[in-house]
Amino acid sequence: MPNIRTAAAPAPAPRPSQASTARTVPLPLALLSRPARLQRLLAPGAAPGGDLLDSVETQPHDRVLIIGGGSADLLCATVRRGCRSATCVTDPPAHPVAAEVVVAPRLHSEDEALSVARSARRALAEGASGGRLALRLLGEKARGVALSLVRRLRGDGFRAVHVASGPDGAVVVTCRLHAPLPGRDPAR
């Protein structure tokens with residue numbers, strides 16, 4: 001006599017309306033064998049560099065432009081947050097893509113920061129109003145560079161400029177691009 005379990009017909013496939021919309025992604029075996037590492041990777045807010053995205057309150061509808069080194073971690077963080085798009089470039093572009101958020105994770109000088117700010121201004125002017133910029137300054141003189149940068153950013157049309165020291169000795173400068181007046185060219 002055949003076993004009822006083996007003789008039973010397979011269950012019908014669920015209808016499209018009943019199928020789960022969540023997609024499962026198989027994880028590499030190396031990650032599955034290390035549960036602590038896997039848990040750290042999947043934990044909310046576990047992204048290295050995610051603090052820059054937190055500082056400018058990145059939202060899922062935002063387009064993000066990442067300028068400079070260390071962009072791979074930030075790119076992954078934008079994916080985890082569900083941002084609409086993210087573009088990584090190594091140097092500040094003369095004609096950047098439109099964005100609502102621009103971040104630069106590794107700046108070492110005021111000239112480098114000003115170059116990023118000019119490029120960010122063009123990208124943010126093409127994006128939605130109130131675009132946000134976050135700059136992480138590294139090095140011994142980061143605090144002095146940040147304080148000098150605040151005045152220059154305000155002169156270039158950025159408002160709500162804030163300076164904060166990070167736990168690693170870095171200084172983070174955040175600001176918003178002031179909406180341009182009608183009839184004026186926002187980019188310099």
# chains A, B, ... in the order shown; residues from 1 in each chain; ligands from 1

$ residues_around --residues "Val97 (chain A)" --least-positions-apart "4" --cutoff "9 Å" --atoms "only C-alpha atoms" --output "PyMOL selection string"
chain A and resi 65+87+93+122-124+126-127

$ select_by_dssp --residues "region 40-159 of chain A" --states "alpha helix (DSSP H)" --output "ChimeraX atom specification"
/A:40-42,50-55,71-81,110-126,142-155

$ write_last_selection --atoms "C-alpha atoms" --output "PDB file, in the first residue's frame"
ATOM      1  CA  ARG A  40      25.895  43.026  12.440  1.00  0.00           C
ATOM      2  CA  LEU A  41      25.528  43.374   8.667  1.00  0.00           C
ATOM      3  CA  LEU A  42      21.748  43.162   8.726  1.00  0.00           C
ATOM      4  CA  GLY A  50      25.697  55.779   7.690  1.00  0.00           C
ATOM      5  CA  ASP A  51      26.178  58.569  10.237  1.00  0.00           C
ATOM      6  CA  LEU A  52      26.702  61.020   7.362  1.00  0.00           C
ATOM      7  CA  LEU A  53      23.385  59.947   5.872  1.00  0.00           C
ATOM      8  CA  ASP A  54      21.757  60.261   9.308  1.00  0.00           C
ATOM      9  CA  SER A  55      23.151  63.762   9.756  1.00  0.00           C
ATOM     10  CA  SER A  71      31.978  55.707  -1.133  1.00  0.00           C
ATOM     11  CA  ALA A  72      31.333  51.945  -1.294  1.00  0.00           C
ATOM     12  CA  ASP A  73      30.103  51.818   2.306  1.00  0.00           C
ATOM     13  CA  LEU A  74      27.896  54.849   1.746  1.00  0.00           C
ATOM     14  CA  LEU A  75      26.540  53.385  -1.477  1.00  0.00           C
ATOM     15  CA  CYS A  76      25.510  50.241   0.410  1.00  0.00           C
ATOM     16  CA  ALA A  77      23.975  52.387   3.163  1.00  0.00           C
ATOM     17  CA  THR A  78      21.831  54.253   0.611  1.00  0.00           C
ATOM     18  CA  VAL A  79      20.623  50.933  -0.783  1.00  0.00           C
ATOM     19  CA  ARG A  80      19.686  49.740   2.716  1.00  0.00           C
ATOM     20  CA  ARG A  81      17.730  52.969   3.271  1.00  0.00           C
ATOM     21  CA  GLU A 110      39.554  73.517   2.876  1.00  0.00           C
ATOM     22  CA  ASP A 111      40.249  73.682  -0.872  1.00  0.00           C
ATOM     23  CA  GLU A 112      39.011  70.117  -1.287  1.00  0.00           C
ATOM     24  CA  ALA A 113      35.877  70.903   0.747  1.00  0.00           C
ATOM     25  CA  LEU A 114      35.163  74.084  -1.250  1.00  0.00           C
ATOM     26  CA  SER A 115      35.522  72.181  -4.521  1.00  0.00           C
ATOM     27  CA  VAL A 116      32.999  69.611  -3.275  1.00  0.00           C
ATOM     28  CA  ALA A 117      30.679  72.398  -2.062  1.00  0.00           C
ATOM     29  CA  ARG A 118      30.713  74.095  -5.498  1.00  0.00           C
ATOM     30  CA  SER A 119      29.884  70.823  -7.232  1.00  0.00           C
ATOM     31  CA  ALA A 120      27.243  70.042  -4.588  1.00  0.00           C
ATOM     32  CA  ARG A 121      25.638  73.439  -5.104  1.00  0.00           C
ATOM     33  CA  ARG A 122      25.131  72.651  -8.805  1.00  0.00           C
ATOM     34  CA  ALA A 123      23.739  69.175  -8.052  1.00  0.00           C
ATOM     35  CA  LEU A 124      21.410  70.429  -5.299  1.00  0.00           C
ATOM     36  CA  ALA A 125      20.172  73.354  -7.420  1.00  0.00           C
ATOM     37  CA  GLU A 126      18.988  70.833 -10.035  1.00  0.00           C
ATOM     38  CA  ALA A 142      39.780  69.580  10.788  1.00  0.00           C
ATOM     39  CA  ARG A 143      38.073  71.781  13.397  1.00  0.00           C
ATOM     40  CA  GLY A 144      39.807  74.951  12.177  1.00  0.00           C
ATOM     41  CA  VAL A 145      39.052  74.093   8.546  1.00  0.00           C
ATOM     42  CA  ALA A 146      35.392  73.491   9.441  1.00  0.00           C
ATOM     43  CA  LEU A 147      35.023  76.859  11.164  1.00  0.00           C
ATOM     44  CA  SER A 148      36.567  78.650   8.181  1.00  0.00           C
ATOM     45  CA  LEU A 149      34.353  76.642   5.838  1.00  0.00           C
ATOM     46  CA  VAL A 150      31.147  77.723   7.621  1.00  0.00           C
ATOM     47  CA  ARG A 151      31.570  81.351   6.530  1.00  0.00           C
ATOM     48  CA  ARG A 152      32.366  80.356   2.938  1.00  0.00           C
ATOM     49  CA  LEU A 153      29.361  78.007   2.726  1.00  0.00           C
ATOM     50  CA  ARG A 154      27.005  80.730   3.959  1.00  0.00           C
ATOM     51  CA  GLY A 155      28.419  83.057   1.308  1.00  0.00           C
TER      52      GLY A 155
END

$ select_by_dssp --residues "region 88-158 of chain A" --states "strand (DSSP E)" --output "list in words"
Cys88, Val89, Val101, Val102, Val103, Ala104, Pro105, Arg106, Leu107, Arg132, Leu133, Ala134, Leu135, Arg136, Leu137 and Phe158 of chain A

$ write_last_selection --atoms "N, CA and C atoms" --output "JSON list (two decimals), in the first residue's frame"
[["chain", "number", "residue", "atom", "x", "y", "z"],
["A", 88, "CYS", "N", 28.18, 57.55, -7.26],
["A", 88, "CYS", "CA", 29.48, 57.73, -6.62],
["A", 88, "CYS", "C", 30.48, 58.26, -7.64],
["A", 89, "VAL", "N", 31.21, 59.27, -7.26],
["A", 89, "VAL", "CA", 32.29, 59.81, -8.10],
["A", 89, "VAL", "C", 33.52, 60.02, -7.22],
["A", 101, "VAL", "N", 20.63, 65.05, -1.90],
["A", 101, "VAL", "CA", 21.64, 64.90, -0.84],
["A", 101, "VAL", "C", 23.01, 64.71, -1.49],
["A", 102, "VAL", "N", 24.01, 65.44, -0.99],
["A", 102, "VAL", "CA", 25.40, 65.26, -1.42],
["A", 102, "VAL", "C", 26.22, 65.01, -0.17],
["A", 103, "VAL", "N", 27.03, 63.94, -0.19],
["A", 103, "VAL", "CA", 27.90, 63.63, 0.94],
["A", 103, "VAL", "C", 29.33, 63.42, 0.44],
["A", 104, "ALA", "N", 30.28, 63.85, 1.26],
["A", 104, "ALA", "CA", 31.71, 63.65, 0.97],
["A", 104, "ALA", "C", 32.34, 63.10, 2.25],
["A", 105, "PRO", "N", 32.70, 61.81, 2.26],
["A", 105, "PRO", "CA", 33.14, 61.17, 3.50],
["A", 105, "PRO", "C", 34.59, 61.40, 3.90],
["A", 106, "ARG", "N", 35.47, 61.84, 2.99],
["A", 106, "ARG", "CA", 36.90, 61.95, 3.33],
["A", 106, "ARG", "C", 37.52, 63.19, 2.71],
["A", 107, "LEU", "N", 37.44, 64.28, 3.44],
["A", 107, "LEU", "CA", 38.05, 65.53, 2.97],
["A", 107, "LEU", "C", 39.18, 65.90, 3.92],
["A", 132, "ARG", "N", 20.48, 68.92, 0.77],
["A", 132, "ARG", "CA", 21.36, 68.85, 1.94],
["A", 132, "ARG", "C", 22.76, 68.40, 1.56],
["A", 133, "LEU", "N", 23.74, 68.92, 2.29],
["A", 133, "LEU", "CA", 25.15, 68.62, 2.07],
["A", 133, "LEU", "C", 25.76, 68.18, 3.39],
["A", 134, "ALA", "N", 26.57, 67.11, 3.36],
["A", 134, "ALA", "CA", 27.31, 66.65, 4.54],
["A", 134, "ALA", "C", 28.76, 66.42, 4.13],
["A", 135, "LEU", "N", 29.67, 67.04, 4.87],
["A", 135, "LEU", "CA", 31.10, 66.92, 4.61],
["A", 135, "LEU", "C", 31.78, 66.37, 5.85],
["A", 136, "ARG", "N", 32.62, 65.34, 5.71],
["A", 136, "ARG", "CA", 33.40, 64.83, 6.84],
["A", 136, "ARG", "C", 34.85, 65.25, 6.62],
["A", 137, "LEU", "N", 35.35, 66.08, 7.53],
["A", 137, "LEU", "CA", 36.72, 66.59, 7.46],
["A", 137, "LEU", "C", 37.61, 65.77, 8.38],
["A", 158, "PHE", "N", 24.40, 78.47, 1.22],
["A", 158, "PHE", "CA", 23.98, 77.39, 2.11],
["A", 158, "PHE", "C", 23.51, 77.99, 3.43]]

$ atom_distance --atom1 "CA of Val173 (chain A)" --atom2 "CA of Gly130 (chain A)"
16.0 Å

$ atom_distance --atom1 "CA of Gly157 (chain A)" --atom2 "CA of Ser85 (chain A)"
24.9 Å

$ residues_around --residues "Gly169 (chain A)" --least-positions-apart "4" --cutoff "9 Å" --atoms "only C-alpha atoms" --output "ChimeraX atom specification"
/A:138-140,142,165

$ write_last_selection --atoms "N, CA and C atoms" --output "short mmCIF file (atom, residue, chain, number, x, y, z; two decimals), in the first residue's frame"
data_model
loop_
_atom_site.label_atom_id
_atom_site.label_comp_id
_atom_site.auth_asym_id
_atom_site.auth_seq_id
_atom_site.Cartn_x
_atom_site.Cartn_y
_atom_site.Cartn_z
N LEU A 138 38.74 65.33 7.86
CA LEU A 138 39.68 64.50 8.61
C LEU A 138 40.99 65.24 8.81
N GLY A 139 41.73 64.86 9.82
CA GLY A 139 43.06 65.43 10.06
C GLY A 139 43.11 66.25 11.33
N GLU A 140 44.33 66.67 11.67
CA GLU A 140 44.56 67.41 12.91
C GLU A 140 43.89 68.77 12.91
N ALA A 142 41.14 69.69 11.32
CA ALA A 142 39.78 69.58 10.79
C ALA A 142 38.84 70.60 11.42
N SER A 165 31.66 67.43 16.07
CA SER A 165 32.82 66.54 16.13
C SER A 165 32.35 65.11 16.27
#

$ residues_around --residues "Cys83 (chain A)" --least-positions-apart "3" --cutoff "7 Å" --atoms "only C-alpha atoms" --output "MDAnalysis selection string"
chainID A and resid 59:63 78:79

$ write_last_selection --atoms "C-alpha atoms" --output "JSON list (two decimals), in the first residue's frame"
[["chain", "number", "residue", "atom", "x", "y", "z"],
["A", 59, "GLN", "CA", 14.82, 59.66, 2.99],
["A", 60, "PRO", "CA", 13.76, 56.92, 0.53],
["A", 61, "HIS", "CA", 12.74, 59.47, -2.15],
["A", 62, "ASP", "CA", 16.20, 61.14, -2.14],
["A", 63, "ARG", "CA", 18.78, 61.00, -4.91],
["A", 78, "THR", "CA", 21.83, 54.25, 0.61],
["A", 79, "VAL", "CA", 20.62, 50.93, -0.78]]

$ decode --residues "region 55-181 of chain A" --atoms "C-alpha atoms" --output "JSON list (two decimals), in the first residue's frame"
[["chain", "number", "residue", "atom", "x", "y", "z"],
["A", 55, "SER", "CA", 23.15, 63.76, 9.76],
["A", 56, "VAL", "CA", 21.25, 65.01, 6.69],
["A", 57, "GLU", "CA", 18.14, 62.89, 7.34],
["A", 58, "THR", "CA", 18.25, 60.89, 4.11],
["A", 59, "GLN", "CA", 14.82, 59.66, 2.99],
["A", 60, "PRO", "CA", 13.76, 56.92, 0.53],
["A", 61, "HIS", "CA", 12.74, 59.47, -2.15],
["A", 62, "ASP", "CA", 16.20, 61.14, -2.14],
["A", 63, "ARG", "CA", 18.78, 61.00, -4.91],
["A", 64, "VAL", "CA", 22.24, 60.85, -3.33],
["A", 65, "LEU", "CA", 25.56, 62.00, -4.81],
["A", 66, "ILE", "CA", 28.64, 60.63, -3.02],
["A", 67, "ILE", "CA", 31.91, 62.44, -3.75],
["A", 68, "GLY", "CA", 35.33, 61.06, -2.85],
["A", 69, "GLY", "CA", 36.85, 58.02, -1.22],
["A", 70, "GLY", "CA", 35.04, 55.62, 1.07],
["A", 71, "SER", "CA", 31.98, 55.71, -1.13],
["A", 72, "ALA", "CA", 31.33, 51.94, -1.29],
["A", 73, "ASP", "CA", 30.10, 51.82, 2.31],
["A", 74, "LEU", "CA", 27.90, 54.85, 1.75],
["A", 75, "LEU", "CA", 26.54, 53.39, -1.48],
["A", 76, "CYS", "CA", 25.51, 50.24, 0.41],
["A", 77, "ALA", "CA", 23.98, 52.39, 3.16],
["A", 78, "THR", "CA", 21.83, 54.25, 0.61],
["A", 79, "VAL", "CA", 20.62, 50.93, -0.78],
["A", 80, "ARG", "CA", 19.69, 49.74, 2.72],
["A", 81, "ARG", "CA", 17.73, 52.97, 3.27],
["A", 82, "GLY", "CA", 15.88, 52.54, -0.02],
["A", 83, "CYS", "CA", 17.06, 55.81, -1.58],
["A", 84, "ARG", "CA", 15.74, 56.46, -5.08],
["A", 85, "SER", "CA", 19.25, 56.59, -6.57],
["A", 86, "ALA", "CA", 22.88, 56.95, -5.59],
["A", 87, "THR", "CA", 25.84, 58.04, -7.69],
["A", 88, "CYS", "CA", 29.48, 57.73, -6.62],
["A", 89, "VAL", "CA", 32.29, 59.81, -8.10],
["A", 90, "THR", "CA", 35.91, 60.08, -7.03],
["A", 91, "ASP", "CA", 36.35, 63.80, -7.78],
["A", 92, "PRO", "CA", 33.86, 66.68, -7.68],
["A", 93, "PRO", "CA", 32.27, 66.82, -11.16],
["A", 94, "ALA", "CA", 31.93, 70.09, -13.08],
["A", 95, "HIS", "CA", 28.46, 69.02, -14.24],
["A", 96, "PRO", "CA", 27.03, 66.73, -11.53],
["A", 97, "VAL", "CA", 23.77, 64.80, -11.69],
["A", 98, "ALA", "CA", 20.78, 66.30, -9.87],
["A", 99, "ALA", "CA", 20.52, 65.24, -6.23],
["A", 100, "GLU", "CA", 18.70, 66.02, -3.00],
["A", 101, "VAL", "CA", 21.64, 64.90, -0.84],
["A", 102, "VAL", "CA", 25.40, 65.26, -1.42],
["A", 103, "VAL", "CA", 27.90, 63.63, 0.94],
["A", 104, "ALA", "CA", 31.71, 63.65, 0.97],
["A", 105, "PRO", "CA", 33.14, 61.17, 3.50],
["A", 106, "ARG", "CA", 36.90, 61.95, 3.33],
["A", 107, "LEU", "CA", 38.05, 65.53, 2.97],
["A", 108, "HIS", "CA", 41.46, 66.70, 4.17],
["A", 109, "SER", "CA", 41.66, 70.39, 3.23],
["A", 110, "GLU", "CA", 39.55, 73.52, 2.88],
["A", 111, "ASP", "CA", 40.25, 73.68, -0.87],
["A", 112, "GLU", "CA", 39.01, 70.12, -1.29],
["A", 113, "ALA", "CA", 35.88, 70.90, 0.75],
["A", 114, "LEU", "CA", 35.16, 74.08, -1.25],
["A", 115, "SER", "CA", 35.52, 72.18, -4.52],
["A", 116, "VAL", "CA", 33.00, 69.61, -3.28],
["A", 117, "ALA", "CA", 30.68, 72.40, -2.06],
["A", 118, "ARG", "CA", 30.71, 74.09, -5.50],
["A", 119, "SER", "CA", 29.88, 70.82, -7.23],
["A", 120, "ALA", "CA", 27.24, 70.04, -4.59],
["A", 121, "ARG", "CA", 25.64, 73.44, -5.10],
["A", 122, "ARG", "CA", 25.13, 72.65, -8.80],
["A", 123, "ALA", "CA", 23.74, 69.18, -8.05],
["A", 124, "LEU", "CA", 21.41, 70.43, -5.30],
["A", 125, "ALA", "CA", 20.17, 73.35, -7.42],
["A", 126, "GLU", "CA", 18.99, 70.83, -10.03],
["A", 127, "GLY", "CA", 17.31, 68.65, -7.38],
["A", 128, "ALA", "CA", 14.36, 69.43, -5.13],
["A", 129, "SER", "CA", 14.53, 72.60, -3.04],
["A", 130, "GLY", "CA", 16.24, 72.43, 0.32],
["A", 131, "GLY", "CA", 18.97, 70.01, -0.78],
["A", 132, "ARG", "CA", 21.36, 68.85, 1.94],
["A", 133, "LEU", "CA", 25.15, 68.62, 2.07],
["A", 134, "ALA", "CA", 27.31, 66.65, 4.54],
["A", 135, "LEU", "CA", 31.10, 66.92, 4.61],
["A", 136, "ARG", "CA", 33.40, 64.83, 6.84],
["A", 137, "LEU", "CA", 36.72, 66.59, 7.46],
["A", 138, "LEU", "CA", 39.68, 64.50, 8.61],
["A", 139, "GLY", "CA", 43.06, 65.43, 10.06],
["A", 140, "GLU", "CA", 44.56, 67.41, 12.91],
["A", 141, "LYS", "CA", 43.29, 70.78, 11.68],
["A", 142, "ALA", "CA", 39.78, 69.58, 10.79],
["A", 143, "ARG", "CA", 38.07, 71.78, 13.40],
["A", 144, "GLY", "CA", 39.81, 74.95, 12.18],
["A", 145, "VAL", "CA", 39.05, 74.09, 8.55],
["A", 146, "ALA", "CA", 35.39, 73.49, 9.44],
["A", 147, "LEU", "CA", 35.02, 76.86, 11.16],
["A", 148, "SER", "CA", 36.57, 78.65, 8.18],
["A", 149, "LEU", "CA", 34.35, 76.64, 5.84],
["A", 150, "VAL", "CA", 31.15, 77.72, 7.62],
["A", 151, "ARG", "CA", 31.57, 81.35, 6.53],
["A", 152, "ARG", "CA", 32.37, 80.36, 2.94],
["A", 153, "LEU", "CA", 29.36, 78.01, 2.73],
["A", 154, "ARG", "CA", 27.01, 80.73, 3.96],
["A", 155, "GLY", "CA", 28.42, 83.06, 1.31],
["A", 156, "ASP", "CA", 27.67, 80.42, -1.36],
["A", 157, "GLY", "CA", 23.98, 80.21, -0.43],
["A", 158, "PHE", "CA", 23.98, 77.39, 2.11],
["A", 159, "ARG", "CA", 21.92, 77.86, 5.28],
["A", 160, "ALA", "CA", 21.50, 76.01, 8.59],
["A", 161, "VAL", "CA", 25.23, 75.24, 8.66],
["A", 162, "HIS", "CA", 26.16, 73.01, 11.62],
["A", 163, "VAL", "CA", 29.53, 71.70, 12.79],
["A", 164, "ALA", "CA", 29.84, 68.59, 14.97],
["A", 165, "SER", "CA", 32.82, 66.54, 16.13],
["A", 166, "GLY", "CA", 32.62, 62.82, 15.55],
["A", 167, "PRO", "CA", 33.85, 60.06, 17.87],
["A", 168, "ASP", "CA", 36.79, 59.30, 15.57],
["A", 169, "GLY", "CA", 38.14, 62.87, 15.71],
["A", 170, "ALA", "CA", 36.56, 63.80, 12.39],
["A", 171, "VAL", "CA", 34.45, 66.93, 12.04],
["A", 172, "VAL", "CA", 31.13, 66.78, 10.19],
["A", 173, "VAL", "CA", 29.71, 69.90, 8.55],
["A", 174, "THR", "CA", 26.06, 69.78, 7.43],
["A", 175, "CYS", "CA", 23.95, 72.42, 5.69],
["A", 176, "ARG", "CA", 21.02, 73.05, 3.36],
["A", 177, "LEU", "CA", 21.01, 74.88, 0.05],
["A", 178, "HIS", "CA", 18.84, 77.96, 0.31],
["A", 179, "ALA", "CA", 16.15, 78.02, -2.38],
["A", 180, "PRO", "CA", 17.18, 80.47, -5.13],
["A", 181, "LEU", "CA", 15.10, 83.52, -5.92]]
